[in-house]
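Q: Supplied in structure tokens, the structure appears directly below.
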Amino acid sequence: MHGFEIMIVLRKPMSEATAHTYDVVVIGGGVSGCSAAVAAARCGKSVALVERSDMLGGMATLALVNPLQTFHAPHGQVIRGLGQELVDRLVARKACPGHLMDPIGFANTVTPVDPEAFGLELRAMCREASVTVFLNHRFRDCALNANKRLKSVSLTDENQRTATLCARAFVDAGGNGDLTLAAGCDMEMDPDHQPMTLIFVMGGVDPGAIIRFQKQNPQDFYMHQDPGVLDRGYVAVSGFFSQVAEARKSGELTIPRDRLLFFNNTHRDEVVVNTTRITGLSGLDENELATARARGMAQVNELVPFMQKHIAGFENAFLKTVAREPGVRETRRLIGRYVLHENELIESRNFDDVIAKGAYPLDIHQQTDEGLKTLSLCGKKHYDIPLRSILNKTVPNLITVGKCMSVTHQGFSSTRVMPTCLAVGQAGGVAAALAADDPAGDIQDQAKAIQDILLAQNAILFDEQVV
């Protein structure tokens, strides 16, 4: 119940054109935005967090994306800080089993979470850090001063009442980069941007039957090279290739996918199904999201009876819930002071101005192909993310984090995942806190100070910390 205290404040009616002033304003209440807001507040700043929906958590809560992957490289943990703190809080309330070895063998670890608890813990972390949260508020526009510094953003709530938030520094964690674009910064959207998905949960699943079938038919699955991982009982499946191919050939399935992809959540008899593929839409506005959800529901209505009829362990399964929104993988990305290239990720590149690490392989869902394009990381299999990749070229007090950071289309397929977004968000919040302290300076020159604060906040930045 602790999270409801925020809701009482947030739903208080606002008069027309109400103005508020903070040190830092964060747009977007997904994982990167919540992490940025808490990190900035823990630097002693007054912080406002703006979220368009009625809950925090973004794709983890609105789109039911589950599990989180990955906090680890093969030889150690690469993401701690606020991300690990959130996991620890969820474990304490029995809403997460912690980090598990990935039975598919694609990510190093997977971290299942309960979506409702996930959102509540994010709200609690914001409350404890004295972050002011504006739920059901949409970013509409921004204003810059003569020196091209952001000075305010305008919002509307669900009743079309307006508010203005003024600040000395801003963080765009909105997923689409709306603030970054409105501020006049260079952005791009790849014509082959990754398609959306509508995730759903099935209950009444027999995990033992699924695992037995995998062991008996390993050729039909993408699996960890150690089959003993299956004996740990956590279900993660990328496969049933033969059944899907046969159903597509007969017309029973029309979805442009070559496999089923699903994972246990925090309940052994439930799986989160990430198999739908919604192509040809950008997901940039509410109309497209509504169209995408309708198309996704048509695919859900194909998949559920198919799985009940043909897939081991689903004989008595049932549709439990469908995500409120489609999972939007990719829209706009910043063209920042440094564009992180996919080869630098693959080669496990280090940077002097590192502010976070990532270790997820490249995982590209394609608009025009039924399969996946995947590329593994080499060497130590974890890479640095530089400060310059969250900084734009023209507006010095605006930090862009999460999915919209400056990275190539293919590199994005690794950096987009939630643990990495948690780490980048935390760094962006610290950077914004320092930008608020020095409105005349350039935050790029403060990489060492940002690193020192992040290390004090238990972040992992350097290779020697990966153990």
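Starting from 1 in every chain, residues are counted up; chains themselves are A, B, ... following the order of the structure tokens, and ligands are numbered from 1 as listed.
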Given only C-alpha atoms, how would the per-residue table for stretch 338-367 of chain A near stretch 250-256 of chain A read, listing every residue at most 12 Å away with its closest atom pair and distance in Å to one decimal, sorted by chain and number, as JSON lines?

A:
{"residue": "A:His365", "atom": "CA", "partner": "A:Pro256", "partner_atom": "CA", "distance": 10.8}
{"residue": "A:Gln366", "atom": "CA", "partner": "A:Pro256", "partner_atom": "CA", "distance": 9.9}
{"residue": "A:Gln367", "atom": "CA", "partner": "A:Pro256", "partner_atom": "CA", "distance": 9.2}

Q: Go ahead and write the residues just picked, C-alpha atoms, as a short mmCIF file (atom, residue, chain, number, x, y, z; two decimals), in the first residue's frame.

A:
data_model
loop_
_atom_site.label_atom_id
_atom_site.label_comp_id
_atom_site.auth_asym_id
_atom_site.auth_seq_id
_atom_site.Cartn_x
_atom_site.Cartn_y
_atom_site.Cartn_z
CA HIS A 365 13.71 -8.87 -34.87
CA GLN A 366 13.25 -8.05 -38.55
CA GLN A 367 10.34 -6.43 -40.37
#

Q: Give me the residues within 9 Å of stretch 67-80 of chain A as an MDAnalysis selection string, counting only C-alpha atoms and dropping any in the same chain fewer than 5 places off.

A: chainID A and resid 60 85 99 102 107:113 263:265 272 356:360 380:382 417:420 422:423 458:463 465:467

Q: For the selection you just gave me, I'd like the residues written to a file as a PDB file, in the first residue's frame, keeping C-alpha atoms.

A:
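Generated output (selection-v7.pdb):
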ATOM      1  CA  ALA A  60       7.852  -4.158 -17.927  1.00  0.00           C
ATOM      2  CA  GLU A  85      18.765  -2.709  -5.762  1.00  0.00           C
ATOM      3  CA  HIS A  99      19.129 -14.039 -11.498  1.00  0.00           C
ATOM      4  CA  ASP A 102      19.206 -18.782 -19.221  1.00  0.00           C
ATOM      5  CA  ALA A 107      21.568 -14.301 -22.576  1.00  0.00           C
ATOM      6  CA  ASN A 108      23.899 -15.024 -19.680  1.00  0.00           C
ATOM      7  CA  THR A 109      21.135 -14.715 -17.098  1.00  0.00           C
ATOM      8  CA  VAL A 110      17.417 -14.008 -16.983  1.00  0.00           C
ATOM      9  CA  THR A 111      15.611 -12.293 -14.122  1.00  0.00           C
ATOM     10  CA  PRO A 112      11.859 -12.973 -13.948  1.00  0.00           C
ATOM     11  CA  VAL A 113       9.794 -10.336 -12.140  1.00  0.00           C
ATOM     12  CA  PHE A 263       9.448 -17.850 -20.533  1.00  0.00           C
ATOM     13  CA  ASN A 264       8.236 -18.677 -17.046  1.00  0.00           C
ATOM     14  CA  ASN A 265       7.383 -15.608 -15.020  1.00  0.00           C
ATOM     15  CA  VAL A 272       5.007 -15.126 -20.835  1.00  0.00           C
ATOM     16  CA  ALA A 356      27.489   1.908 -17.908  1.00  0.00           C
ATOM     17  CA  LYS A 357      28.110  -1.577 -19.242  1.00  0.00           C
ATOM     18  CA  GLY A 358      26.072  -3.986 -21.343  1.00  0.00           C
ATOM     19  CA  ALA A 359      26.378  -7.690 -22.105  1.00  0.00           C
ATOM     20  CA  TYR A 360      23.305  -8.657 -24.118  1.00  0.00           C
ATOM     21  CA  LYS A 380      35.157 -10.700 -22.496  1.00  0.00           C
ATOM     22  CA  LYS A 381      31.606 -10.355 -23.877  1.00  0.00           C
ATOM     23  CA  HIS A 382      30.714  -7.092 -22.201  1.00  0.00           C
ATOM     24  CA  VAL A 417      17.159  -4.335 -22.953  1.00  0.00           C
ATOM     25  CA  MET A 418      15.935  -3.294 -19.512  1.00  0.00           C
ATOM     26  CA  PRO A 419      18.988  -4.051 -17.312  1.00  0.00           C
ATOM     27  CA  THR A 420      21.148  -1.948 -19.629  1.00  0.00           C
ATOM     28  CA  LEU A 422      18.451   0.765 -15.862  1.00  0.00           C
ATOM     29  CA  ALA A 423      22.217   1.328 -15.805  1.00  0.00           C
ATOM     30  CA  ASN A 458      27.272   0.852  -6.462  1.00  0.00           C
ATOM     31  CA  ALA A 459      27.368   0.939 -10.257  1.00  0.00           C
ATOM     32  CA  ILE A 460      29.781  -1.216 -12.277  1.00  0.00           C
ATOM     33  CA  LEU A 461      31.923   0.746 -14.735  1.00  0.00           C
ATOM     34  CA  PHE A 462      35.312  -0.901 -15.033  1.00  0.00           C
ATOM     35  CA  ASP A 463      36.396  -4.349 -16.126  1.00  0.00           C
ATOM     36  CA  GLN A 465      34.690  -4.853 -11.103  1.00  0.00           C
ATOM     37  CA  VAL A 466      33.259  -7.678 -13.215  1.00  0.00           C
ATOM     38  CA  VAL A 467      33.615 -10.696 -10.946  1.00  0.00           C
TER      39      VAL A 467
END

Q: Quick one: distance from atom CA of A:Lys403 to atom CA of A:Gly327 in Å, one decimal?

A: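 According to the coordinates, atom CA of A:Lys403 and atom CA of A:Gly327 are separated by 12.5 Å.
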
Q: As an exercise, work out the distance from atom CA of A:Asp186 to atom CA of A:Leu334 in Å and give it to one decimal place.

A: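 That distance, rounded to one decimal, is 6.2 Å.
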
Q: Find the spatial neighbours of A:Thr197, counting only C-alpha atoms, within a cut-off of 9 Å - ignore same-chain residues fewer than 5 positions away - and output them as a list in words.

A: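 Listed by chain and then number, they are Ala63, Asn274, Thr275, Thr276, Arg277, Ile278, Thr279, Ala292, Arg293, Gly296, Pro326, Gly327, Val328 and Arg329 of chain A.
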
Q: From a DSSP pass on the backbone, collect the residues of stretch 183-427 of chain A flagged as strand (DSSP E) and hand them back as a PyMOL selection string.

A: chain A and resi 187-188+200-203+236-239+260-264+271-273+318-322+333-334+354-358+362-365+372-375+383-386+398-400

Q: Contacts of A:Thr331 at 10 Å or less, counting only C-alpha atoms, minus same-chain residues fewer than 2 places along, as a list in words?

A: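 Counting only the stated atoms, we get Gly175, Asn176, Gly177, Glu188, Met189, Asp190, Pro191, His193, Gln194, Pro195, Leu281, Ser282, Gly283, Leu284, Val328, Arg329, Arg333, Lys403, Cys404 and His409 of chain A.
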
Q: Calculate how many Å separate atom CA of A:Ala37 from atom CA of A:Val430, rounding to one decimal.

A: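 So the two atoms, atom CA of A:Ala37 and atom CA of A:Val430, lie 8.9 Å apart.
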
Q: Dump as a tab-separated table the rows for residues of stretch 301-415 of chain A within 12 Å of stretch 17-33 of chain A: closest atom pair and distance in Å with one decimal, only C-alpha atoms counted, ordered by chain and rising residue number.

A:
residue	atom	partner	partner_atom	distance
A:Asn397	CA	A:Val24	CA	9.7
A:Leu398	CA	A:Val25	CA	9.8
A:Ile399	CA	A:Val26	CA	9.3
A:Thr400	CA	A:Ile27	CA	9.8
A:Val401	CA	A:Ser32	CA	6.6
A:Gly402	CA	A:Ser32	CA	5.2
A:Lys403	CA	A:Ser32	CA	8.5
A:Cys404	CA	A:Ser32	CA	10.4
A:Met405	CA	A:Ser32	CA	10.8
A:Thr415	CA	A:Ser32	CA	11.8

Q: Looking only at the backbone, which of the residues in stretch 35-270 of chain A does DSSP tag as alpha helix (DSSP H), as an NGL selection string?

A: :A and (35-41 or 81-92 or 115-128 or 178-182 or 207-216 or 241-250)

Q: So that I have them on file, write out the residues from the current selection with C-alpha atoms, as an mmCIF file, in the first residue's frame.

A:
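Generated output (result-v7.cif):
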data_model
loop_
_atom_site.group_PDB
_atom_site.id
_atom_site.type_symbol
_atom_site.label_atom_id
_atom_site.label_comp_id
_atom_site.auth_asym_id
_atom_site.auth_seq_id
_atom_site.Cartn_x
_atom_site.Cartn_y
_atom_site.Cartn_z
ATOM 1 C CA SER A 35 16.416 5.030 -12.510
ATOM 2 C CA ALA A 36 17.402 8.518 -13.689
ATOM 3 C CA ALA A 37 14.944 10.209 -11.338
ATOM 4 C CA VAL A 38 16.068 8.268 -8.262
ATOM 5 C CA ALA A 39 19.766 8.706 -9.100
ATOM 6 C CA ALA A 40 19.380 12.479 -9.507
ATOM 7 C CA ALA A 41 17.344 12.746 -6.301
ATOM 8 C CA GLY A 81 23.556 -0.041 -8.875
ATOM 9 C CA LEU A 82 19.874 0.837 -8.855
ATOM 10 C CA GLY A 83 19.068 -2.109 -11.124
ATOM 11 C CA GLN A 84 20.378 -4.632 -8.622
ATOM 12 C CA GLU A 85 18.765 -2.709 -5.762
ATOM 13 C CA LEU A 86 15.416 -3.070 -7.499
ATOM 14 C CA VAL A 87 15.961 -6.805 -7.972
ATOM 15 C CA ASP A 88 16.919 -7.191 -4.304
ATOM 16 C CA ARG A 89 13.726 -5.431 -3.234
ATOM 17 C CA LEU A 90 11.644 -7.701 -5.455
ATOM 18 C CA VAL A 91 13.381 -10.810 -4.129
ATOM 19 C CA ALA A 92 12.652 -9.665 -0.571
ATOM 20 C CA PRO A 115 4.994 -6.864 -13.152
ATOM 21 C CA GLU A 116 2.659 -5.421 -10.509
ATOM 22 C CA ALA A 117 5.286 -5.665 -7.781
ATOM 23 C CA PHE A 118 7.843 -4.237 -10.198
ATOM 24 C CA GLY A 119 5.753 -1.096 -10.675
ATOM 25 C CA LEU A 120 5.050 -0.774 -6.953
ATOM 26 C CA GLU A 121 8.721 -1.023 -6.052
ATOM 27 C CA LEU A 122 9.638 1.636 -8.591
ATOM 28 C CA ARG A 123 7.001 3.899 -7.056
ATOM 29 C CA ALA A 124 8.348 3.165 -3.584
ATOM 30 C CA MET A 125 11.918 3.962 -4.645
ATOM 31 C CA CYS A 126 10.732 7.271 -6.111
ATOM 32 C CA ARG A 127 8.769 8.100 -2.973
ATOM 33 C CA GLU A 128 11.694 7.299 -0.696
ATOM 34 C CA ASP A 178 9.839 13.200 -28.034
ATOM 35 C CA LEU A 179 11.593 15.790 -25.850
ATOM 36 C CA THR A 180 14.919 15.330 -27.641
ATOM 37 C CA LEU A 181 13.217 15.824 -31.005
ATOM 38 C CA ALA A 182 11.203 18.838 -29.829
ATOM 39 C CA PRO A 207 6.522 -27.085 -17.034
ATOM 40 C CA GLY A 208 7.679 -30.670 -16.601
ATOM 41 C CA ALA A 209 6.044 -31.726 -19.867
ATOM 42 C CA ILE A 210 7.704 -28.870 -21.733
ATOM 43 C CA ILE A 211 11.147 -29.709 -20.365
ATOM 44 C CA ARG A 212 10.734 -33.425 -21.105
ATOM 45 C CA PHE A 213 9.810 -32.618 -24.687
ATOM 46 C CA GLN A 214 12.860 -30.358 -25.025
ATOM 47 C CA LYS A 215 15.149 -33.117 -23.763
ATOM 48 C CA GLN A 216 13.631 -35.620 -26.175
ATOM 49 C CA PHE A 241 10.312 -25.031 -34.979
ATOM 50 C CA SER A 242 8.717 -28.120 -36.552
ATOM 51 C CA GLN A 243 5.264 -27.505 -35.079
ATOM 52 C CA VAL A 244 5.307 -23.839 -36.090
ATOM 53 C CA ALA A 245 6.491 -24.660 -39.630
ATOM 54 C CA GLU A 246 3.748 -27.244 -40.077
ATOM 55 C CA ALA A 247 1.067 -24.891 -38.786
ATOM 56 C CA ARG A 248 2.265 -22.105 -41.070
ATOM 57 C CA LYS A 249 2.233 -24.475 -44.034
ATOM 58 C CA SER A 250 -1.330 -25.568 -43.308
#

Q: Rank A:Leu260, A:Ile453, A:Val424, A:Val47 by their smallest atom-to-atom distance to A:Phe134, using only C-alpha atoms, and report the top residue only.

A: A:Val47

Q: Using only C-alpha atoms for the distances, tell me which of A:Arg349, A:Arg388, A:Lys448, A:Lys320 is nearest to A:Ile199.

A: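 Nearest candidate to A:Ile199 out of A:Arg349, A:Arg388, A:Lys448, A:Lys320: A:Lys320.
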
Q: Which neighbours of A:Leu387 fall inside 8 Å, counting only C-alpha atoms, when residues of the same chain fewer than 5 positions from it are skipped, and could you give them as an mmCIF file with N, CA and C atoms, in the first residue's frame?

A:
data_model
loop_
_atom_site.group_PDB
_atom_site.id
_atom_site.type_symbol
_atom_site.label_atom_id
_atom_site.label_comp_id
_atom_site.auth_asym_id
_atom_site.auth_seq_id
_atom_site.Cartn_x
_atom_site.Cartn_y
_atom_site.Cartn_z
ATOM 1 N N ASP A 353 35.275 7.534 -20.986
ATOM 2 C CA ASP A 353 34.122 8.194 -20.366
ATOM 3 C C ASP A 353 32.967 7.216 -20.148
ATOM 4 N N VAL A 354 33.280 5.964 -19.804
ATOM 5 C CA VAL A 354 32.264 4.940 -19.570
ATOM 6 C C VAL A 354 31.316 5.370 -18.451
ATOM 7 N N ILE A 355 30.019 5.128 -18.676
ATOM 8 C CA ILE A 355 29.025 5.424 -17.630
ATOM 9 C C ILE A 355 28.115 4.212 -17.361
ATOM 10 N N GLN A 444 30.023 16.965 -20.576
ATOM 11 C CA GLN A 444 31.001 16.028 -21.121
ATOM 12 C C GLN A 444 32.339 16.151 -20.411
ATOM 13 N N ALA A 447 33.049 13.796 -16.881
ATOM 14 C CA ALA A 447 32.928 12.338 -16.893
ATOM 15 C C ALA A 447 33.488 11.713 -15.622
#

Q: From the list A:Phe200, A:Tyr234, A:Tyr222, A:Phe262, which residue is nearest A:Pro97 when using only C-alpha atoms?

A: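 So, comparing all the options, the nearest one is A:Tyr234.
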
Q: Compare A:Pro396, A:Phe412, A:Asp452, A:His267 by their minimum atom-to-atom distance to A:Val171, counting only C-alpha atoms, and give me the closest one.

A: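 Looking only at the distances to A:Val171, the closest residue turns out to be A:Pro396.
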